[in-house]
file final.cif (mmCIF, C-alpha atoms)
data_protein
loop_
_atom_site.label_atom_id
_atom_site.label_comp_id
_atom_site.auth_asym_id
_atom_site.auth_seq_id
_atom_site.Cartn_x
_atom_site.Cartn_y
_atom_site.Cartn_z
CA MET A 26 275.94 -0.21 -19.32
CA SER A 27 279.01 1.81 -18.24
CA ALA A 28 282.63 0.72 -18.66
CA SER A 29 284.07 -1.30 -15.80
CA SER A 30 287.37 -0.69 -14.06
CA HIS A 31 289.05 -1.70 -10.83
CA ARG A 32 292.05 -0.95 -8.66
CA VAL A 33 293.63 -2.90 -5.80
CA GLU A 34 295.94 -0.95 -3.54
CA GLN A 35 297.77 -1.86 -0.36
CA GLY A 36 298.37 1.04 1.97
CA ALA A 37 299.18 1.69 5.60
CA ASN A 38 295.45 1.42 6.25
CA GLY A 39 295.01 -2.06 4.86
CA LEU A 40 293.80 -3.12 1.48
CA GLU A 41 291.60 -0.94 -0.69
CA ILE A 42 289.67 -2.38 -3.61
CA GLN A 43 287.93 0.11 -5.82
CA LEU A 44 285.41 -0.90 -8.47
CA SER A 45 283.48 1.22 -10.92
CA GLY A 46 280.89 0.96 -13.69
CA THR A 47 279.30 -2.41 -14.40
CA VAL A 48 281.04 -5.08 -12.35
CA SER A 49 281.96 -8.14 -14.42
CA VAL A 50 282.70 -11.70 -13.33
CA GLU A 51 286.08 -11.42 -15.10
CA SER A 52 287.09 -8.35 -13.12
CA ILE A 53 286.25 -10.09 -9.82
CA ASP A 54 288.30 -13.14 -10.86
CA GLU A 55 291.22 -10.83 -11.61
CA ILE A 56 290.84 -9.02 -8.28
CA THR A 57 290.60 -12.34 -6.40
CA GLY A 58 293.91 -13.43 -7.91
CA GLN A 59 295.57 -10.18 -6.82
CA VAL A 60 294.02 -10.14 -3.33
CA GLU A 61 294.90 -13.73 -2.44
CA GLY A 62 298.58 -12.91 -2.67
CA LEU A 63 298.24 -9.78 -0.53
CA LEU A 64 296.02 -10.91 2.34
CA ALA A 65 298.59 -12.87 4.33
CA ALA A 66 301.10 -10.03 4.31
CA LEU A 67 298.72 -7.23 5.30
CA PRO A 68 300.06 -5.25 8.29
CA ARG A 69 296.55 -4.11 9.17
CA LYS A 70 293.88 -6.74 8.63
CA THR A 71 291.31 -4.49 6.99
CA VAL A 72 289.78 -4.33 3.52
CA LEU A 73 287.78 -1.41 2.15
CA LEU A 74 285.65 -2.34 -0.86
CA ASP A 75 284.82 0.97 -2.44
CA LEU A 76 281.76 0.54 -4.67
CA THR A 77 280.95 4.27 -4.76
CA ASP A 78 281.20 4.42 -8.55
CA VAL A 79 279.61 1.06 -9.30
CA THR A 80 276.42 1.40 -11.33
CA GLU A 81 275.49 -2.25 -11.90
CA CYS A 82 276.39 -5.65 -10.49
CA GLY A 83 274.63 -8.76 -11.82
CA ILE A 84 273.95 -11.88 -9.81
CA GLY A 85 276.97 -13.71 -11.32
CA ALA A 86 279.35 -10.96 -10.18
CA CYS A 87 277.62 -10.88 -6.76
CA ARG A 88 278.28 -14.61 -6.32
CA ARG A 89 281.94 -14.14 -7.25
CA LEU A 90 282.22 -11.24 -4.80
CA ALA A 91 280.74 -13.45 -2.06
CA VAL A 92 283.47 -16.03 -2.78
CA LEU A 93 286.09 -13.28 -2.58
CA GLN A 94 284.54 -12.06 0.69
CA ARG A 95 284.79 -15.57 2.18
CA LYS A 96 288.49 -15.61 1.35
CA ILE A 97 288.98 -12.18 2.92
CA GLY A 98 287.09 -13.34 6.02
CA ALA A 99 289.11 -16.53 6.23
CA GLY A 100 292.23 -14.34 6.23
CA GLY A 101 291.00 -12.77 9.48
CA CYS A 102 290.27 -9.34 7.93
CA ARG A 103 287.50 -6.88 8.71
CA THR A 104 285.77 -5.52 5.61
CA ALA A 105 283.74 -2.38 4.98
CA TYR A 106 281.69 -1.85 1.82
CA LEU A 107 281.23 1.76 0.77
CA THR A 108 278.42 2.55 -1.67
CA ASP A 109 276.65 5.62 -3.03
CA ARG A 110 273.56 4.03 -4.60
CA ALA A 111 270.84 2.15 -2.74
CA ARG A 112 270.83 -0.60 -5.40
CA ILE A 113 274.54 -1.25 -4.87
CA ARG A 114 274.07 -1.09 -1.12
CA GLY A 115 271.62 -3.97 -1.56
CA VAL A 116 274.35 -5.80 -3.46
CA ALA A 117 276.73 -5.23 -0.53
CA TRP A 118 274.15 -6.58 1.96
CA TRP A 119 273.62 -9.65 -0.21
CA ILE A 120 277.36 -10.34 -0.48
CA VAL A 121 278.14 -10.06 3.24
CA HIS A 122 275.13 -12.24 4.09
CA ALA A 123 275.92 -14.87 1.42
CA ALA A 124 279.58 -14.96 2.46
CA LYS A 125 278.55 -15.51 6.10
CA ASP A 126 281.39 -13.24 7.14
CA PRO A 127 280.46 -11.56 10.45
CA ARG A 128 283.31 -9.05 10.11
CA ALA A 129 282.00 -7.56 6.85
CA MET A 130 279.58 -4.60 6.86
CA PRO A 131 277.91 -2.33 4.28
CA THR A 132 278.49 1.28 5.37
CA ASN A 133 276.89 4.63 4.56
CA THR A 134 279.88 6.95 4.65
CA MET A 135 283.68 6.84 4.80
CA ALA A 136 283.50 7.80 8.48
CA HIS A 137 281.16 4.85 9.09
CA ALA A 138 283.53 2.55 7.12
CA GLU A 139 286.52 3.68 9.19
CA ARG A 140 284.64 3.16 12.46
CA TRP A 141 283.70 -0.35 11.37
CA LEU A 142 287.24 -1.23 10.31
CA GLU A 143 288.67 0.04 13.61
CA GLY A 144 286.05 -1.78 15.71
CA SER A 145 285.74 -5.38 16.84
CA ALA A 146 281.97 -6.01 16.77
CA MET A 147 280.36 -8.70 14.66
CA ARG A 148 277.82 -7.46 12.09
CA ILE A 149 274.66 -9.19 13.28
CA ASP A 150 275.37 -8.30 16.91
CA GLU A 151 275.93 -4.67 15.96
CA LEU A 152 272.75 -4.52 13.85
CA HIS A 153 270.77 -6.07 16.71
CA ASP A 154 272.32 -3.78 19.33
CA HIS A 155 271.81 -0.61 17.28
CA ALA A 156 268.17 -1.51 16.59
CA THR A 157 267.59 -2.34 20.27
CA ASN A 158 269.28 0.84 21.53
CA ALA A 159 267.46 3.07 19.04
CA THR A 160 264.16 1.48 20.07
CA LEU A 161 264.92 2.02 23.76
CA MET A 162 265.85 5.67 23.17
CA MET A 163 262.63 6.12 21.19
CA ARG A 164 260.53 4.60 23.99
CA GLU A 165 262.21 6.83 26.58
CA ARG A 166 261.48 9.95 24.56
CA LEU A 167 257.90 8.85 23.89
CA ALA A 168 257.40 8.22 27.62
CA GLN A 169 258.75 11.70 28.44
CA GLU A 170 256.42 13.22 25.85
CA THR A 171 253.32 11.62 27.35
CA LYS A 172 254.14 12.69 30.92
CA PRO A 173 251.88 15.52 32.09
CA MET B 163 271.18 -20.41 0.86
CA SER B 164 267.73 -19.89 2.22
CA GLY B 165 266.37 -21.68 5.22
CA THR B 166 269.15 -24.21 5.52
CA GLY B 167 270.14 -25.44 8.94
CA LEU B 168 266.73 -25.11 10.60
CA THR B 169 265.74 -27.67 13.23
CA ARG B 170 262.45 -29.50 12.74
CA THR B 171 260.76 -27.36 15.42
CA GLN B 172 262.06 -24.14 13.87
CA ARG B 173 260.88 -25.21 10.43
CA LEU B 174 257.41 -26.12 11.75
CA PHE B 175 257.13 -22.82 13.63
CA VAL B 176 258.17 -20.73 10.60
CA ARG B 177 255.76 -22.59 8.31
CA GLY B 178 252.91 -22.14 10.80
CA LEU B 179 253.71 -18.44 11.12
CA HIS B 180 253.87 -18.10 7.36
CA HIS B 181 250.50 -19.78 6.98
CA ALA B 182 248.90 -17.50 9.60
CA LEU B 183 250.36 -14.35 8.01
CA GLN B 184 249.29 -15.44 4.56
CA LEU B 185 245.73 -15.95 5.74
CA ARG B 186 245.64 -12.53 7.37
CA PHE B 187 247.62 -10.40 4.92
CA GLY B 188 248.28 -12.37 1.73
CA GLY B 189 251.82 -12.21 0.31
CA SER B 190 254.68 -14.54 1.15
CA TRP B 191 257.38 -14.31 3.78
CA LEU B 192 258.48 -17.95 3.92
CA VAL B 193 261.99 -17.61 2.47
CA VAL B 194 262.76 -14.45 4.47
CA HIS B 195 261.45 -15.94 7.71
CA GLU B 196 263.33 -19.20 7.21
CA GLU B 197 266.49 -17.23 6.53
CA SER B 198 265.88 -15.03 9.58
CA MET B 199 265.32 -18.00 11.89
CA ALA B 200 268.43 -19.75 10.53
CA THR B 201 270.56 -16.61 10.91
CA LEU B 202 269.24 -15.13 14.17
CA GLY B 203 268.04 -18.14 16.15
CA TRP B 204 264.88 -18.33 18.26
CA ALA B 205 265.34 -15.44 20.68
CA ARG B 206 266.38 -12.78 18.19
CA PHE B 207 263.91 -13.99 15.56
CA LEU B 208 260.99 -13.60 17.97
CA LYS B 209 262.30 -10.25 19.20
CA PHE B 210 262.65 -9.11 15.63
CA LEU B 211 259.00 -10.00 14.87
CA LYS B 212 257.78 -8.31 18.04
CA ASP B 213 259.87 -5.14 17.64
CA GLY B 214 259.05 -4.81 13.93
CA THR B 215 255.32 -4.97 14.70
CA MET B 216 255.74 -2.49 17.56
CA MET B 217 257.65 -0.11 15.25
CA VAL B 218 254.90 -0.08 12.61
CA THR B 219 252.30 0.48 15.36
CA GLU B 220 254.31 3.40 16.75
CA LEU B 221 254.83 4.93 13.31
CA THR B 222 251.10 4.61 12.59
CA LYS B 223 250.17 6.35 15.88
CA ARG B 224 252.59 9.17 15.18
CA PHE B 225 252.39 9.74 11.42
CA GLY B 226 249.16 8.03 10.33
CA GLU B 227 248.67 4.77 8.51
CA ALA B 228 249.90 5.70 5.01
CA ASP B 229 252.99 7.70 6.05
CA ALA B 230 253.92 4.89 8.46
CA GLN B 231 253.99 2.51 5.51
CA PHE B 232 256.00 4.96 3.39
CA SER B 233 258.49 5.50 6.26
CA VAL B 234 259.23 1.78 6.41
CA SER B 235 259.48 1.68 2.62
CA LEU B 236 262.10 4.46 2.65
CA ALA B 237 264.11 2.82 5.46
CA ALA B 238 264.32 -0.35 3.34
CA MET B 239 264.87 1.59 0.13
CA TRP B 240 268.17 3.06 1.38
CA ASN B 241 269.35 -0.52 1.89
CA GLY B 242 268.45 -1.54 -1.65
CA CYS B 243 266.01 -4.20 -0.46
CA GLY B 244 262.82 -4.64 -2.49
CA VAL B 245 260.90 -6.77 0.02
CA CYS B 246 259.89 -3.89 2.29
CA SER B 247 260.67 -0.90 0.06
CA TYR B 248 258.27 -2.07 -2.66
CA GLY B 249 255.78 -3.81 -0.36
CA HIS B 250 255.27 -0.96 2.12
CA SER B 251 255.15 1.70 -0.62
CA LEU B 252 252.44 -0.34 -2.33
CA ALA B 253 250.51 -0.55 0.95
CA GLY B 254 250.87 3.22 1.53
CA SER B 255 249.89 4.03 -2.01
CA LEU B 256 246.83 1.76 -1.85
CA LEU B 257 245.74 3.39 1.42
CA VAL B 258 245.99 6.86 -0.11
CA PHE B 259 244.13 5.74 -3.23
CA ARG B 260 241.42 4.06 -1.14
CA ASP B 261 240.91 7.13 1.06
CA THR B 262 241.32 9.97 -1.47
CA GLY B 263 241.10 8.45 -4.95
CA ARG B 264 244.51 10.03 -5.68
CA LEU B 265 247.72 8.36 -6.79
CA HIS B 266 250.60 8.98 -4.40
CA PRO B 267 253.97 9.95 -5.92
CA LEU B 268 255.68 7.02 -4.18
CA CYS B 269 254.99 3.52 -5.46
CA PRO B 270 257.17 0.43 -6.06
CA GLU B 271 258.16 1.57 -9.57
CA VAL B 272 259.35 4.99 -8.34
CA ILE B 273 261.21 3.41 -5.40
CA ASP B 274 262.90 1.13 -7.93
CA GLU B 275 264.10 4.14 -9.94
CA LEU B 276 265.36 5.95 -6.83
CA GLN B 277 267.60 2.99 -5.98
CA ASP B 278 269.71 3.57 -9.10
CA LEU B 279 270.46 7.22 -8.30
CA ARG B 280 273.39 8.45 -6.25
CA ASN B 281 272.34 8.96 -2.63
CA ASP B 282 272.21 12.77 -2.72
CA ASP B 283 270.37 12.71 -6.07
CA ALA B 284 267.83 10.21 -4.71
CA ALA B 285 267.26 12.42 -1.65
CA ALA B 286 266.79 15.49 -3.88
CA ARG B 287 264.41 13.56 -6.17
CA LEU B 288 262.39 12.46 -3.13
CA ASP B 289 262.13 16.07 -2.03
CA THR B 290 260.80 17.04 -5.46
CA LEU B 291 258.38 14.11 -5.64
CA LEU B 292 256.97 15.01 -2.23
CA ALA B 293 256.55 18.73 -2.96
CA GLY B 294 253.20 20.13 -1.90
CA GLU B 295 251.41 20.62 1.38
CA GLU B 296 249.68 17.22 1.32
CA HIS B 297 253.08 15.51 1.46
CA ALA B 298 254.76 17.91 3.92
CA GLN B 299 254.99 15.39 6.76
CA LEU B 300 256.44 12.61 4.60
CA ARG B 301 258.83 15.05 2.91
CA ARG B 302 260.15 15.99 6.35
CA ILE B 303 260.42 12.33 7.44
CA ALA B 304 262.29 11.44 4.23
CA ALA B 305 264.75 14.33 4.56
CA GLN B 306 265.42 13.65 8.23
CA MET B 307 265.83 9.91 7.69
CA TYR B 308 268.44 10.55 5.02
CA ALA B 309 270.30 13.15 7.11
CA LEU B 310 270.33 10.76 10.11
CA ARG B 311 271.53 7.83 7.99
CA MET B 312 274.38 9.86 6.57
CA GLY B 313 275.39 11.14 10.00
CA ARG B 314 274.69 14.75 9.00
CA VAL B 315 272.45 15.38 12.00
CA LEU B 316 271.97 13.80 15.40
CA PRO B 317 268.55 12.64 16.60
CA ARG B 318 267.10 15.32 18.90
CA SER B 319 263.32 15.45 18.73
CA VAL B 320 260.89 12.62 19.49
CA ASP B 321 260.15 12.33 15.76
CA ASP B 322 263.89 11.99 15.11
CA ARG B 323 264.05 9.11 17.58
CA VAL B 324 261.14 7.36 15.88
CA ILE B 325 262.73 7.83 12.44
CA GLU B 326 266.15 6.70 13.71
CA ALA B 327 264.65 3.57 15.30
CA THR B 328 262.83 2.76 12.04
CA SER B 329 266.10 3.05 10.09
CA ARG B 330 268.01 0.89 12.55
CA MET B 331 265.26 -1.71 12.70
CA TRP B 332 265.19 -2.10 8.93
CA ASP B 333 269.00 -2.24 8.74
CA TRP B 334 268.68 -5.31 10.94
CA TYR B 335 265.78 -6.68 8.90
CA THR B 336 267.76 -6.27 5.65
CA GLU B 337 270.40 -8.74 6.84
CA CYS B 338 267.96 -11.56 5.97
CA SER B 339 265.33 -9.99 3.67
CA ILE B 340 268.05 -9.20 1.12
CA VAL B 341 268.16 -12.87 0.06
CA VAL B 342 264.87 -12.12 -1.72
CA GLY B 343 265.03 -8.32 -1.84
CA MET B 344 268.07 -7.83 -4.07
CA THR B 345 266.43 -9.38 -7.12
CA LEU B 346 262.73 -8.73 -6.42
CA ARG B 347 260.97 -6.71 -9.12
CA PRO B 348 258.58 -3.86 -8.21
CA GLU B 349 255.71 -5.57 -10.05
CA ASP B 350 256.08 -8.53 -7.66
CA ALA B 351 255.55 -6.38 -4.54
CA SER B 352 253.09 -7.57 -1.92
CA CYS B 353 251.78 -5.37 0.90
CA GLN B 354 254.10 -6.36 3.75
CA GLY B 355 251.92 -7.11 6.74
CA HIS B 356 249.08 -4.79 5.78
CA PRO B 357 245.60 -6.16 5.09
CA VAL B 358 244.91 -3.52 2.43
CA GLY B 359 246.71 -5.86 0.02
CA ARG B 360 243.86 -8.35 0.32
CA ASP B 361 241.31 -5.96 -1.16
CA THR B 362 241.26 -7.35 -4.68
CA GLU B 363 238.71 -4.84 -5.95
CA LEU B 364 240.88 -1.94 -4.69
CA LEU B 365 244.01 -3.53 -6.18
CA ALA B 366 242.29 -3.80 -9.58
CA ARG B 367 241.11 -0.15 -9.52
CA TYR B 368 244.53 1.01 -8.35
CA GLY B 369 246.31 -1.01 -11.06
CA GLN B 370 244.04 0.52 -13.69
CA ALA B 371 244.66 4.05 -12.40
CA ARG B 372 248.47 3.52 -12.42
CA ALA B 373 248.29 2.11 -15.96
CA GLU B 374 246.34 5.19 -17.07
CA GLU B 375 248.88 7.43 -15.32
CA ARG B 376 251.74 5.71 -17.16
CA SER B 377 250.01 5.99 -20.53
CA GLY B 378 249.26 9.67 -19.81
CA SER B 379 245.49 9.35 -20.30
#

call {"tool": "encode", "arguments": {"input": "final.cif", "output": "structure tokens"}}
result
Amino acid sequence: MSASSHRVEQGANGLEIQLSGTVSVESIDEITGQVEGLLAALPRKTVLLDLTDVTECGIGACRRLAVLQRKIGAGGCRTAYLTDRARIRGVAWWIVHAAKDPRAMPTNTMAHAERWLEGSAMRIDELHDHATNATLMMRERLAQETKP
Amino acid sequence: MSGTGLTRTQRLFVRGLHHALQLRFGGSWLVVHEESMATLGWARFLKFLKDGTMMVTELTKRFGEADAQFSVSLAAMWNGCGVCSYGHSLAGSLLVFRDTGRLHPLCPEVIDELQDLRNDDAAARLDTLLAGEEHAQLRRIAAQMYALRMGRVLPRSVDDRVIEATSRMWDWYTECSIVVGMTLRPEDASCQGHPVGRDTELLARYGQARAEERSGS
């Protein structure tokens, strides 16, 4: 188990919450207290949850993060989760689904996170559209390949 | 949070589907399918079933049965979801064991370990695990899938398009499968949609061979 730390920062590009190590329920409660006061005054309604250095997040902390995500969503903000481990990416998927916040999305890279925060799509629509488009492109290429 | 908000017709349909799939393949999809129906609604849920089946068929035609299963496993693995990453790697591994008597380097336990590594380290570990000519195709699929996911390359070839579509399809699937997949253990994997998981004699021989591999005998 690695030591846990967190940082909440408000910048020109919205709110950035950075977590590292093993995420604890206590740290999420502390972050929630800080974030609640900041959400209403955000000039840009975006939140980046940077979980790049998170190594572990138990189910209790996941539930607390889902509660925090609901509050962020209720504040009208778009949220991107940035992760660098598949396990923590699973945690991000679980949180956005449990929170039922359509404006929250797990992302692969900072560029992906920025695109999501700047966009206006809802998560499930985007997932559906990307899957549908990729499938159509695949079918087109397969059809070209089979032409004599 | 699973399955809440379904109408009576939706619930009956999902239970009937679950029953039919269980008879054909074994395993259990009830919670995931209830969650999917509740989240996506009728039209997208049915499309999602149809497109997922089509994707596995296409992967099988292109890369063969075992590598198709491993491709799906890897697409789910990058999302940290155990439902498909463990289940399809078990199916792939069983197919290889059935056909060659050899143990494949990818199995639910290895997929589980990869999920704790940083992305680049997991990709490098995959490359090492899949060294050797017999794994050349899967090694290439794994490397290209990772590069596409990270936006390091654009899809150009037909294979790229197939790999990209697999990734995108399982991103969509993860939205609902994660309700089970985040906490699933590799030992609880069931072969997702592949009948090889119903071969109890094969499962027993495979389990024995993996146990011997772990104990180094």

call {"tool": "closest_atom_pairs", "arguments": {"input": "final.cif", "of": "chain A", "to": "chain B", "cutoff": "10 Å", "atoms": "only C-alpha atoms", "output": "Markdown table"}}
result
| residue | atom | partner | partner_atom | distance |
| --- | --- | --- | --- | --- |
| A:Thr77 | CA | B:Arg280 | CA | 8.8 |
| A:Asp78 | CA | B:Arg280 | CA | 9.1 |
| A:Thr80 | CA | B:Asp278 | CA | 7.4 |
| A:Glu81 | CA | B:Asp278 | CA | 8.7 |
| A:Gly83 | CA | B:Thr345 | CA | 9.5 |
| A:Ile84 | CA | B:Thr345 | CA | 8.4 |
| A:Thr108 | CA | B:Asn281 | CA | 8.9 |
| A:Asp109 | CA | B:Arg280 | CA | 5.4 |
| A:Arg110 | CA | B:Arg280 | CA | 4.7 |
| A:Ala111 | CA | B:Gly242 | CA | 4.5 |
| A:Arg112 | CA | B:Gly242 | CA | 4.5 |
| A:Ile113 | CA | B:Gly242 | CA | 6.9 |
| A:Arg114 | CA | B:Asn241 | CA | 5.6 |
| A:Gly115 | CA | B:Gly242 | CA | 4.0 |
| A:Val116 | CA | B:Met344 | CA | 6.6 |
| A:Ala117 | CA | B:Asn241 | CA | 9.1 |
| A:Trp118 | CA | B:Glu337 | CA | 6.5 |
| A:Trp119 | CA | B:Ile340 | CA | 5.7 |
| A:Ile120 | CA | B:Ile340 | CA | 9.5 |
| A:Val121 | CA | B:Glu337 | CA | 8.6 |
| A:His122 | CA | B:Glu337 | CA | 6.5 |
| A:Ala123 | CA | B:Met163 | CA | 7.3 |
| A:Lys125 | CA | B:Thr201 | CA | 9.4 |
| A:Pro131 | CA | B:Asn241 | CA | 9.1 |
| A:Thr132 | CA | B:Met312 | CA | 9.6 |
| A:Asn133 | CA | B:Met312 | CA | 6.1 |
| A:Thr134 | CA | B:Met312 | CA | 6.5 |
| A:Met135 | CA | B:Met312 | CA | 9.9 |
| A:Ala136 | CA | B:Gly313 | CA | 8.9 |
| A:His137 | CA | B:Gly313 | CA | 8.6 |
| A:Arg148 | CA | B:Glu337 | CA | 9.2 |
| A:Ile149 | CA | B:Trp334 | CA | 7.5 |
| A:Asp150 | CA | B:Trp334 | CA | 9.5 |
| A:Glu151 | CA | B:Trp334 | CA | 8.8 |
| A:Leu152 | CA | B:Trp334 | CA | 5.1 |
| A:His153 | CA | B:Trp334 | CA | 6.2 |
| A:Asp154 | CA | B:Trp334 | CA | 9.3 |
| A:His155 | CA | B:Arg330 | CA | 6.3 |
| A:Ala156 | CA | B:Arg330 | CA | 4.7 |
| A:Thr157 | CA | B:Met331 | CA | 7.9 |
| A:Asn158 | CA | B:Ala327 | CA | 8.2 |
| A:Ala159 | CA | B:Ala327 | CA | 4.7 |
| A:Thr160 | CA | B:Ala327 | CA | 5.2 |
| A:Leu161 | CA | B:Ala327 | CA | 8.6 |
| A:Met162 | CA | B:Arg323 | CA | 6.8 |
| A:Met163 | CA | B:Arg323 | CA | 4.9 |
| A:Arg164 | CA | B:Val324 | CA | 8.6 |
| A:Glu165 | CA | B:Val320 | CA | 9.2 |
| A:Arg166 | CA | B:Val320 | CA | 5.8 |
| A:Leu167 | CA | B:Val320 | CA | 6.5 |
| A:Ala168 | CA | B:Val320 | CA | 9.9 |
| A:Gln169 | CA | B:Val320 | CA | 9.2 |
| A:Glu170 | CA | B:Val320 | CA | 7.8 |

call {"tool": "resolve_selection", "arguments": {"input": "final.cif", "expression": "the PyMOL selection byres ((chain A and resi 28) around 12)", "output": "PyMOL selection string"}}
result
chain A and resi 26-27+29-31+44-49+52+78-81

call {"tool": "resolve_selection", "arguments": {"input": "final.cif", "expression": "the PyMOL selection byres ((chain B and resi 260-265) around 12)", "output": "PyMOL selection string"}}
result
chain B and resi 227-228+251-259+266-269+296+358-359+361-376

call {"tool": "resolve_selection", "arguments": {"input": "final.cif", "expression": "the PyMOL selection byres ((chain A and resi 35-38) around 8)", "output": "NGL selection string"}}
result
:A and (33-34 or 39-41 or 63 or 67-69 or 71)

call {"tool": "atom_distance", "arguments": {"input": "final.cif", "atom1": "atom CA of Ala230 of chain B", "atom2": "atom CA of Gln299 of chain B"}}
result
10.7 Å

call {"tool": "closest_residue", "arguments": {"input": "final.cif", "among": "A:Arg140, A:Arg32, A:Lys172, A:Arg128", "to": "Gln94 of chain A", "atoms": "all atoms listed in the file"}}
result
A:Arg128
